[in-house]
Structure formats: C-alpha cells, structure tokens
Amino acid sequence: MTPADTPADLQAYMNRLGQAARSASAAMARASTAAKNQALRALASRLRAAGPVLAQANARDLQAAADRGLAGPLLDRLQLSPQAIATVAEGCEQIAAMPDPVGEISELKRRPSGISVGRMRVPLGVFGMIYESRPNVTIEAASLAIKSGNACLLRGGSEALQSNLALWRLVQAALGDAGLPAAAVQLLETTDRAAVGQLVAMPQYVDVIIPRGGRGLIERISAEARVPVIKHLDGNCHVYVDEQVDLDLALRVTDNAKTQKYSPCNAAESMLVHAAQAAAFLPRIGAVFAAKGVEMRCCPVSLALLQGLPGAHVQAATEEDWATEYLAPVISIKTVASLDEAIAHINRHGSHHTDAILTALHANAMRFLREVDSASVMVNASTRFADGFEYGLGAEIGISTDKFHARGPVGLEGLTSLKWVVLGQGETRSA
C-alpha cells in the first residue's frame, strides 16, 4: 500500500487502514492463546536473527537525524542498539509466558434470583499508537496488541521511519507464522503530519489513542482526539531523602535515578532533602553530580551547601525549575523542613508520574505511599524502575497519569476492559 500524496488520497489511505484494522480486531479477539503465543515467540526469533538488517535501517535514521541537528537526548532515544533488540525480544517471550487475560471471568457471584453475575475481560478493539523517536516502541506496542487480542495502528516519528519499517515487517511475518491477520498490526508509512489528525478522529475504526512523546505532541493529541486518550504529559519525577535514612543507600539510589539515563520519563528531575540530612548528604551527592556533569539548580539552603564543590555547576533555582522535566543532566534541589513539606511540594509541582522516598522510618514510608498523588510511588528504590518490563508486564504501551481505566505503566490489562456477564438457567424477573 503506497502512502498518500494528496489530502484526498490520505483520507482514502487512512480509511483503508482503519477498515482493515477493524476487521482484523474481530479475528484477534477470537484468536486462541496458542496462536498469539506462537506469533510472539516467532517475533522474538525474527528479532534476534535480524540484527544486521535492523542495524542498517537504524543507522540511516541516526545519520539523517544527526544531519538535521537532532539533540543528543533525542538521538539516544532513536538508537536501536543490540541491547535494545535483545530486550524487546525478551519482552515478547515474557508476554508469551504470561496468562492470557482475554476471556477471564472474575467476581462471579450467585444472586438470590438464581442468576450468576460476573465480569469478563475483553480486548478494547483497535488502538492507535502515536510515538516519537524510540523505535523499540513498535515492538512493545505490537507484542502487547497481539497478546491482548487487539489490532493496532502505529504512527512512529518521521525520524525513525526506516527503523520502524524494518521492525514492522518482522511483526507481519511473525503474525503470518501463526496464521493471524497481518492487518492486526499496521504502520502508517506516510510522514504527513495530517495523518495524525485523521488517526485521532476516526471513532468508527479506533477505540483508544495512546500517545508517547513530548508535551507538545500529547497536548495536540488530547485537543484533537475524538476518541479516548491514555496519556501522560511529562515526567517530573522526585526523589525525597527523609530525616532518617541510610546515607549510602540514598547516595546510590539518587545517583541511579538521575544519571543511569537522562532521556526517559522516569528519570529523576527533582531532589528534596530533609533539613536534618542536608549538611551530611548534599555535599556527597553534589560531588557525584559534579563528576558526571550534572547541573544543580538549588534553593538558597541547598545552594549554600553545594557552592564551592570542585567542578560543580550550581545555580539558584527559579520557580519554573520545580516543575520542569529536563530530560538532560540537570536536576532541581530543595531542602525541606518536614515530610509534610516534601509531600506538598511533590503534589504541587510534580507531574503525577513517579516519586520515591528514601527513608528508614516505616511510618513515613507509608504516609508517602498514601499521600503522594502519583501513578507510581516508591520506597527506597530508584524511579527508573517505573517501567512495564521492570514491573513484570512484559512491556508497556505507555505510562498513564490519568485516574480512569489505566494508571501507571499500561500493559496487557490496560489494553482490555471489563464487561458484565450473566449466567442463567432460564430464570425470569418477577418484580
């Protein structure tokens, strides 16, 4: 199928994709668990065998992006390394090994009338996935669509088109290996931005839209969509070092949360430190950040403790810094007087994505878990664990900071819904 060249052609092209996806979704909803698992295992094998082909396609994307002056963190997201391929292949196998949620009946209860009432888990139908840079999302979305019995329409960023095309061909071959319809996973081959506007406005074909990318993309999708959207706008994640804490643990976890990788949405962007630990902890973590070239934007108390560290790049924070997702070697730092102040700061300035407390006090840990209004809340662990693969979901379709339907990493269950089922033996209602 050749991508469209004119608006009229584009509309016809999108309609063809939508119709094919809707038809394929019916076949996927009734597909056996064995067939879905066969497709996933075949995809894992094909990914491992296609390393050279994928590397060549990705190299073309990386070169074109570098020629256009794409920033370093975005180039990092675009790279399809051998490790990334191995990870998504392992994710396919992990999903294949997981229980199939489709058709599961739960909460079945017998009523006084004689009927039994329960809830059955069913696929959503067709989801549209719009994402930037990261080509591994193509496989994560495809693998979760297959196991959850959905069809999907994928629209990756133009900067990753060659990588996404190479990965999508492997998906289609794997679906064929298992006797499943190739149209269950379709990639929009056009780079026309108007295709995104059409994709999010096709309720007759698409049941939900899942955007993954920068704030600008997600705000645009949310404004234009005529179907439900599962989304998060940004990831201003916090690490809070409490008044009683193992300082070695705090140093190790905070370092990992910020510097293990700067570009993901679960990297720490803000650090809060209790005043009781500020003098002992801030110079230690400051030295680590200075050695790694991390810029520190600080409140007055933190600034006084960090100024003068050899090699440190330290400056006063602005009000804007407390709410900024940097996706870069920059972190905001604030000294707080209490757990109450820390929780209030996070709930005011955070993005409701992922926040962690590092503490030796069980009561404080429990309060933090209850009161911080975020999709993932952690105790004594790096925010970098906020990921579907790390949570045992096999992969994730995205992170949701919404409170309805799905929240946090969205895996298999997030791509299904529940419907009521009633089992009877001829009962009739008398009143």
# chains A, B, ... in the order shown; residues from 1 in each chain; ligands from 1
>>> select_by_dssp(residues="range 304-431 of chain A", states="alpha helix (DSSP H)", output="number ranges by chain")
A: 304-306, 339-349, 362-371
>>> write_last_selection(atoms="N, CA, C and O atoms", output="short mmCIF file (atom, residue, chain, number, x, y, z; two decimals), in the first residue's frame")
data_model
loop_
_atom_site.label_atom_id
_atom_site.label_comp_id
_atom_site.auth_asym_id
_atom_site.auth_seq_id
_atom_site.Cartn_x
_atom_site.Cartn_y
_atom_site.Cartn_z
N ALA A 304 23.83 27.11 49.38
CA ALA A 304 24.90 27.42 50.32
C ALA A 304 25.74 26.18 50.63
O ALA A 304 26.96 26.29 50.85
N LEU A 305 25.11 25.01 50.65
CA LEU A 305 25.83 23.77 50.97
C LEU A 305 26.59 23.20 49.78
O LEU A 305 27.53 22.41 49.95
N LEU A 306 26.22 23.57 48.57
CA LEU A 306 26.82 22.98 47.38
C LEU A 306 27.81 23.90 46.67
O LEU A 306 28.65 23.43 45.90
N LEU A 339 8.41 16.07 56.27
CA LEU A 339 7.75 15.20 55.31
C LEU A 339 6.52 15.88 54.72
O LEU A 339 6.24 15.75 53.52
N ASP A 340 5.78 16.62 55.55
CA ASP A 340 4.61 17.34 55.05
C ASP A 340 4.98 18.28 53.92
O ASP A 340 4.29 18.35 52.89
N GLU A 341 6.09 19.01 54.10
CA GLU A 341 6.51 19.95 53.06
C GLU A 341 6.92 19.21 51.79
O GLU A 341 6.62 19.65 50.68
N ALA A 342 7.58 18.09 51.96
CA ALA A 342 8.00 17.30 50.79
C ALA A 342 6.79 16.82 50.00
O ALA A 342 6.74 16.94 48.76
N ILE A 343 5.80 16.26 50.68
CA ILE A 343 4.60 15.74 50.01
C ILE A 343 3.86 16.88 49.31
O ILE A 343 3.42 16.75 48.16
N ALA A 344 3.72 18.02 50.01
CA ALA A 344 3.01 19.16 49.42
C ALA A 344 3.74 19.66 48.18
O ALA A 344 3.11 20.00 47.17
N HIS A 345 5.08 19.71 48.23
CA HIS A 345 5.87 20.17 47.08
C HIS A 345 5.69 19.24 45.89
O HIS A 345 5.48 19.70 44.75
N ILE A 346 5.75 17.94 46.14
CA ILE A 346 5.60 16.97 45.05
C ILE A 346 4.21 17.05 44.43
O ILE A 346 4.05 17.07 43.20
N ASN A 347 3.17 17.12 45.26
CA ASN A 347 1.82 17.17 44.72
C ASN A 347 1.53 18.47 43.98
O ASN A 347 0.71 18.50 43.06
N ARG A 348 2.24 19.55 44.36
CA ARG A 348 2.03 20.82 43.68
C ARG A 348 2.82 20.90 42.36
O ARG A 348 2.28 21.30 41.34
N HIS A 349 4.09 20.49 42.40
CA HIS A 349 4.97 20.71 41.25
C HIS A 349 5.19 19.47 40.39
O HIS A 349 5.67 19.59 39.26
N HIS A 362 9.36 3.56 58.83
CA HIS A 362 8.23 2.87 58.20
C HIS A 362 7.01 3.77 58.14
O HIS A 362 6.31 3.80 57.10
N ALA A 363 6.72 4.50 59.21
CA ALA A 363 5.53 5.34 59.22
C ALA A 363 5.60 6.41 58.14
O ALA A 363 4.60 6.70 57.47
N ASN A 364 6.77 6.99 57.94
CA ASN A 364 6.92 8.00 56.89
C ASN A 364 6.77 7.38 55.50
O ASN A 364 6.18 7.98 54.60
N ALA A 365 7.31 6.18 55.34
CA ALA A 365 7.17 5.50 54.06
C ALA A 365 5.70 5.26 53.73
O ALA A 365 5.25 5.49 52.60
N MET A 366 4.93 4.81 54.71
CA MET A 366 3.51 4.53 54.48
C MET A 366 2.73 5.80 54.18
O MET A 366 1.82 5.81 53.33
N ARG A 367 3.07 6.89 54.89
CA ARG A 367 2.40 8.16 54.60
C ARG A 367 2.70 8.61 53.18
O ARG A 367 1.82 9.08 52.45
N PHE A 368 3.94 8.49 52.76
CA PHE A 368 4.35 8.90 51.42
C PHE A 368 3.58 8.08 50.37
O PHE A 368 3.06 8.64 49.40
N LEU A 369 3.48 6.78 50.57
CA LEU A 369 2.75 5.93 49.64
C LEU A 369 1.28 6.33 49.54
O LEU A 369 0.69 6.34 48.45
N ARG A 370 0.68 6.66 50.65
CA ARG A 370 -0.75 7.01 50.66
C ARG A 370 -1.01 8.40 50.10
O ARG A 370 -2.00 8.62 49.39
N GLU A 371 -0.16 9.36 50.41
CA GLU A 371 -0.49 10.77 50.20
C GLU A 371 0.09 11.38 48.93
O GLU A 371 -0.41 12.41 48.46
#
>>> closest_atom_pairs(of="range 115-200 of chain A", to="range 395-418 of chain A", cutoff="9 Å", atoms="only C-alpha atoms", output="tab-separated table")
residue	atom	partner	partner_atom	distance
A:Arg119	CA	A:Leu418	CA	5.9
A:Met120	CA	A:Leu418	CA	5.4
A:Arg121	CA	A:Leu418	CA	4.6
A:Val122	CA	A:Thr416	CA	5.4
A:Pro123	CA	A:Thr416	CA	4.4
A:Leu124	CA	A:Thr416	CA	5.1
A:Gly125	CA	A:Thr416	CA	8.4
A:Phe127	CA	A:Leu415	CA	8.5
A:Met129	CA	A:Ile397	CA	8.4
A:Val137	CA	A:Ile397	CA	7.6
A:Glu140	CA	A:Ala395	CA	5.7
A:Ala141	CA	A:Ile397	CA	5.5
A:Ser143	CA	A:Ala395	CA	8.1
A:Leu144	CA	A:Leu412	CA	6.1
A:Ala145	CA	A:Leu415	CA	7.6
A:Lys147	CA	A:Leu412	CA	7.3
A:Ser148	CA	A:Leu412	CA	5.7
A:Gly149	CA	A:Thr416	CA	8.6
A:Asn150	CA	A:Leu415	CA	7.8
>>> select_by_dssp(residues="range 256-360 of chain A", states="strand (DSSP E)", output="PyMOL selection string")
chain A and resi 268-274+295-298+314-316+330-336+354-358
>>> write_last_selection(atoms="N, CA, C and O atoms", output="JSON list (two decimals), in the first residue's frame")
[["chain", "number", "residue", "atom", "x", "y", "z"],
["A", 268, "ALA", "N", 14.84, 10.85, 37.48],
["A", 268, "ALA", "CA", 14.55, 11.87, 38.48],
["A", 268, "ALA", "C", 14.94, 13.25, 37.94],
["A", 268, "ALA", "O", 16.01, 13.43, 37.37],
["A", 269, "GLU", "N", 14.06, 14.21, 38.13],
["A", 269, "GLU", "CA", 14.33, 15.59, 37.71],
["A", 269, "GLU", "C", 14.44, 16.53, 38.91],
["A", 269, "GLU", "O", 14.95, 17.64, 38.78],
["A", 270, "SER", "N", 13.93, 16.09, 40.08],
["A", 270, "SER", "CA", 13.93, 16.92, 41.28],
["A", 270, "SER", "C", 14.35, 16.09, 42.48],
["A", 270, "SER", "O", 13.97, 14.92, 42.59],
["A", 271, "MET", "N", 15.12, 16.70, 43.37],
["A", 271, "MET", "CA", 15.53, 16.03, 44.60],
["A", 271, "MET", "C", 15.16, 16.92, 45.78],
["A", 271, "MET", "O", 15.49, 18.11, 45.80],
["A", 272, "LEU", "N", 14.50, 16.34, 46.76],
["A", 272, "LEU", "CA", 14.17, 17.01, 48.01],
["A", 272, "LEU", "C", 14.95, 16.35, 49.13],
["A", 272, "LEU", "O", 15.05, 15.12, 49.18],
["A", 273, "VAL", "N", 15.50, 17.14, 50.03],
["A", 273, "VAL", "CA", 16.30, 16.61, 51.13],
["A", 273, "VAL", "C", 15.82, 17.24, 52.43],
["A", 273, "VAL", "O", 15.70, 18.46, 52.54],
["A", 274, "HIS", "N", 15.55, 16.38, 53.43],
["A", 274, "HIS", "CA", 15.14, 16.88, 54.74],
["A", 274, "HIS", "C", 16.28, 17.68, 55.36],
["A", 274, "HIS", "O", 17.46, 17.32, 55.24],
["A", 295, "GLU", "N", 24.15, 19.57, 36.14],
["A", 295, "GLU", "CA", 23.91, 20.92, 36.65],
["A", 295, "GLU", "C", 22.90, 20.87, 37.78],
["A", 295, "GLU", "O", 21.87, 20.19, 37.68],
["A", 296, "MET", "N", 23.15, 21.61, 38.86],
["A", 296, "MET", "CA", 22.27, 21.61, 40.03],
["A", 296, "MET", "C", 21.64, 22.98, 40.21],
["A", 296, "MET", "O", 22.35, 23.99, 40.31],
["A", 297, "ARG", "N", 20.30, 23.03, 40.22],
["A", 297, "ARG", "CA", 19.56, 24.28, 40.41],
["A", 297, "ARG", "C", 18.87, 24.22, 41.76],
["A", 297, "ARG", "O", 17.99, 23.38, 41.98],
["A", 298, "CYS", "N", 19.29, 25.11, 42.66],
["A", 298, "CYS", "CA", 19.06, 24.90, 44.10],
["A", 298, "CYS", "C", 18.30, 26.02, 44.79],
["A", 298, "CYS", "O", 18.39, 27.19, 44.38],
["A", 314, "VAL", "N", 26.57, 24.92, 39.79],
["A", 314, "VAL", "CA", 25.47, 25.16, 40.74],
["A", 314, "VAL", "C", 24.93, 26.56, 40.51],
["A", 314, "VAL", "O", 25.68, 27.52, 40.32],
["A", 315, "GLN", "N", 23.60, 26.67, 40.52],
["A", 315, "GLN", "CA", 22.98, 27.99, 40.40],
["A", 315, "GLN", "C", 21.66, 28.00, 41.15],
["A", 315, "GLN", "O", 21.12, 26.95, 41.52],
["A", 316, "ALA", "N", 21.15, 29.20, 41.39],
["A", 316, "ALA", "CA", 19.88, 29.35, 42.10],
["A", 316, "ALA", "C", 18.73, 28.86, 41.22],
["A", 316, "ALA", "O", 18.70, 29.13, 40.02],
["A", 330, "VAL", "N", 20.50, 17.80, 34.31],
["A", 330, "VAL", "CA", 20.12, 18.94, 35.13],
["A", 330, "VAL", "C", 19.15, 18.42, 36.19],
["A", 330, "VAL", "O", 18.29, 17.58, 35.89],
["A", 331, "ILE", "N", 19.28, 18.91, 37.43],
["A", 331, "ILE", "CA", 18.36, 18.50, 38.49],
["A", 331, "ILE", "C", 18.06, 19.68, 39.40],
["A", 331, "ILE", "O", 18.94, 20.51, 39.66],
["A", 332, "SER", "N", 16.83, 19.81, 39.84],
["A", 332, "SER", "CA", 16.48, 20.83, 40.84],
["A", 332, "SER", "C", 16.60, 20.21, 42.23],
["A", 332, "SER", "O", 16.30, 19.03, 42.42],
["A", 333, "ILE", "N", 17.07, 21.02, 43.18],
["A", 333, "ILE", "CA", 17.35, 20.52, 44.54],
["A", 333, "ILE", "C", 16.76, 21.49, 45.55],
["A", 333, "ILE", "O", 17.01, 22.70, 45.49],
["A", 334, "LYS", "N", 15.99, 20.95, 46.49],
["A", 334, "LYS", "CA", 15.37, 21.78, 47.52],
["A", 334, "LYS", "C", 15.50, 21.12, 48.88],
["A", 334, "LYS", "O", 15.26, 19.91, 49.02],
["A", 335, "THR", "N", 15.88, 21.88, 49.88],
["A", 335, "THR", "CA", 15.89, 21.41, 51.26],
["A", 335, "THR", "C", 14.54, 21.72, 51.89],
["A", 335, "THR", "O", 14.03, 22.85, 51.77],
["A", 336, "VAL", "N", 13.93, 20.72, 52.53],
["A", 336, "VAL", "CA", 12.60, 20.89, 53.12],
["A", 336, "VAL", "C", 12.66, 20.64, 54.63],
["A", 336, "VAL", "O", 13.54, 19.93, 55.12],
["A", 354, "THR", "N", 6.00, 9.46, 38.76],
["A", 354, "THR", "CA", 6.72, 8.56, 39.67],
["A", 354, "THR", "C", 7.50, 9.39, 40.69],
["A", 354, "THR", "O", 8.22, 10.32, 40.31],
["A", 355, "ASP", "N", 7.37, 9.02, 41.96],
["A", 355, "ASP", "CA", 8.10, 9.71, 43.02],
["A", 355, "ASP", "C", 8.52, 8.70, 44.07],
["A", 355, "ASP", "O", 7.82, 7.72, 44.33],
["A", 356, "ALA", "N", 9.71, 8.95, 44.67],
["A", 356, "ALA", "CA", 10.29, 7.98, 45.61],
["A", 356, "ALA", "C", 10.69, 8.66, 46.91],
["A", 356, "ALA", "O", 11.16, 9.81, 46.91],
["A", 357, "ILE", "N", 10.54, 7.93, 48.02],
["A", 357, "ILE", "CA", 11.05, 8.35, 49.32],
["A", 357, "ILE", "C", 12.17, 7.39, 49.72],
["A", 357, "ILE", "O", 12.05, 6.17, 49.55],
["A", 358, "LEU", "N", 13.25, 7.94, 50.22],
["A", 358, "LEU", "CA", 14.35, 7.15, 50.75],
["A", 358, "LEU", "C", 14.35, 7.39, 52.25],
["A", 358, "LEU", "O", 14.60, 8.51, 52.72]]
>>> closest_atom_pairs(of="range 275-377 of chain A", to="range 64-76 of chain A", cutoff="12 Å", atoms="only C-alpha atoms", output="CSV")
residue,atom,partner,partner_atom,distance
A:Tyr326,CA,A:Pro73,CA,10.3
A:Leu327,CA,A:Pro73,CA,7.1
A:Ala328,CA,A:Pro73,CA,7.0
A:Pro329,CA,A:Pro73,CA,9.9
>>> write_last_selection(atoms="N, CA, C and O atoms", output="PDB file, in the first residue's frame")
ATOM      1  N   TYR A 326      13.563  17.981  32.624  1.00  0.00           N
ATOM      2  CA  TYR A 326      14.738  18.412  31.864  1.00  0.00           C
ATOM      3  C   TYR A 326      15.119  17.432  30.756  1.00  0.00           C
ATOM      4  O   TYR A 326      15.577  17.841  29.690  1.00  0.00           O
ATOM      5  N   LEU A 327      14.998  16.116  31.018  1.00  0.00           N
ATOM      6  CA  LEU A 327      15.474  15.100  30.074  1.00  0.00           C
ATOM      7  C   LEU A 327      16.929  15.367  29.695  1.00  0.00           C
ATOM      8  O   LEU A 327      17.346  15.191  28.553  1.00  0.00           O
ATOM      9  N   ALA A 328      17.704  15.782  30.677  1.00  0.00           N
ATOM     10  CA  ALA A 328      19.082  16.222  30.454  1.00  0.00           C
ATOM     11  C   ALA A 328      19.820  16.164  31.796  1.00  0.00           C
ATOM     12  O   ALA A 328      19.202  15.971  32.854  1.00  0.00           O
ATOM     13  N   PRO A 329      21.158  16.322  31.795  1.00  0.00           N
ATOM     14  CA  PRO A 329      21.915  16.309  33.053  1.00  0.00           C
ATOM     15  C   PRO A 329      21.722  17.589  33.864  1.00  0.00           C
ATOM     16  O   PRO A 329      22.633  18.388  34.062  1.00  0.00           O
TER      17      PRO A 329
END
>>> closest_residue(among="A:Val421, A:Ile218, A:Ala20, A:Leu62", to="Ser158 in chain A", atoms="only C-alpha atoms")
A:Leu62
>>> atom_distance(atom1="CA of Pro181 in chain A", atom2="CA of Ala142 in chain A")
12.8 Å
>>> closest_residue(among="A:Val206, A:Met378, A:Ala431, A:Cys237", to="Thr359 in chain A", atoms="only C-alpha atoms")
A:Met378
>>> atom_distance(atom1="CA of Ala195 in chain A", atom2="CA of Arg155 in chain A")
8.6 Å
>>> atom_distance(atom1="CA of Ala44 in chain A", atom2="CA of Gln94 in chain A")
10.0 Å
>>> closest_residue(among="A:Pro203, A:Pro82, A:Gly311, A:Gly51", to="Asn15 in chain A", atoms="only C-alpha atoms")
A:Pro203
>>> residues_around(residues="Ala250 in chain A", least_positions_apart="3", cutoff="10 Å", atoms="only C-alpha atoms", output="VMD selection string")
chain A and resid 239 to 242 245 to 247 253 to 256 281 285 357 to 359 380 to 382
>>> closest_residue(among="A:Gly18, A:Gly235, A:Gly388, A:Pro99", to="Gly350 in chain A", atoms="only C-alpha atoms")
A:Gly235
>>> closest_residue(among="A:Ala97, A:Leu80, A:Cys299, A:Ala184", to="Asn164 in chain A", atoms="only C-alpha atoms")
A:Leu80
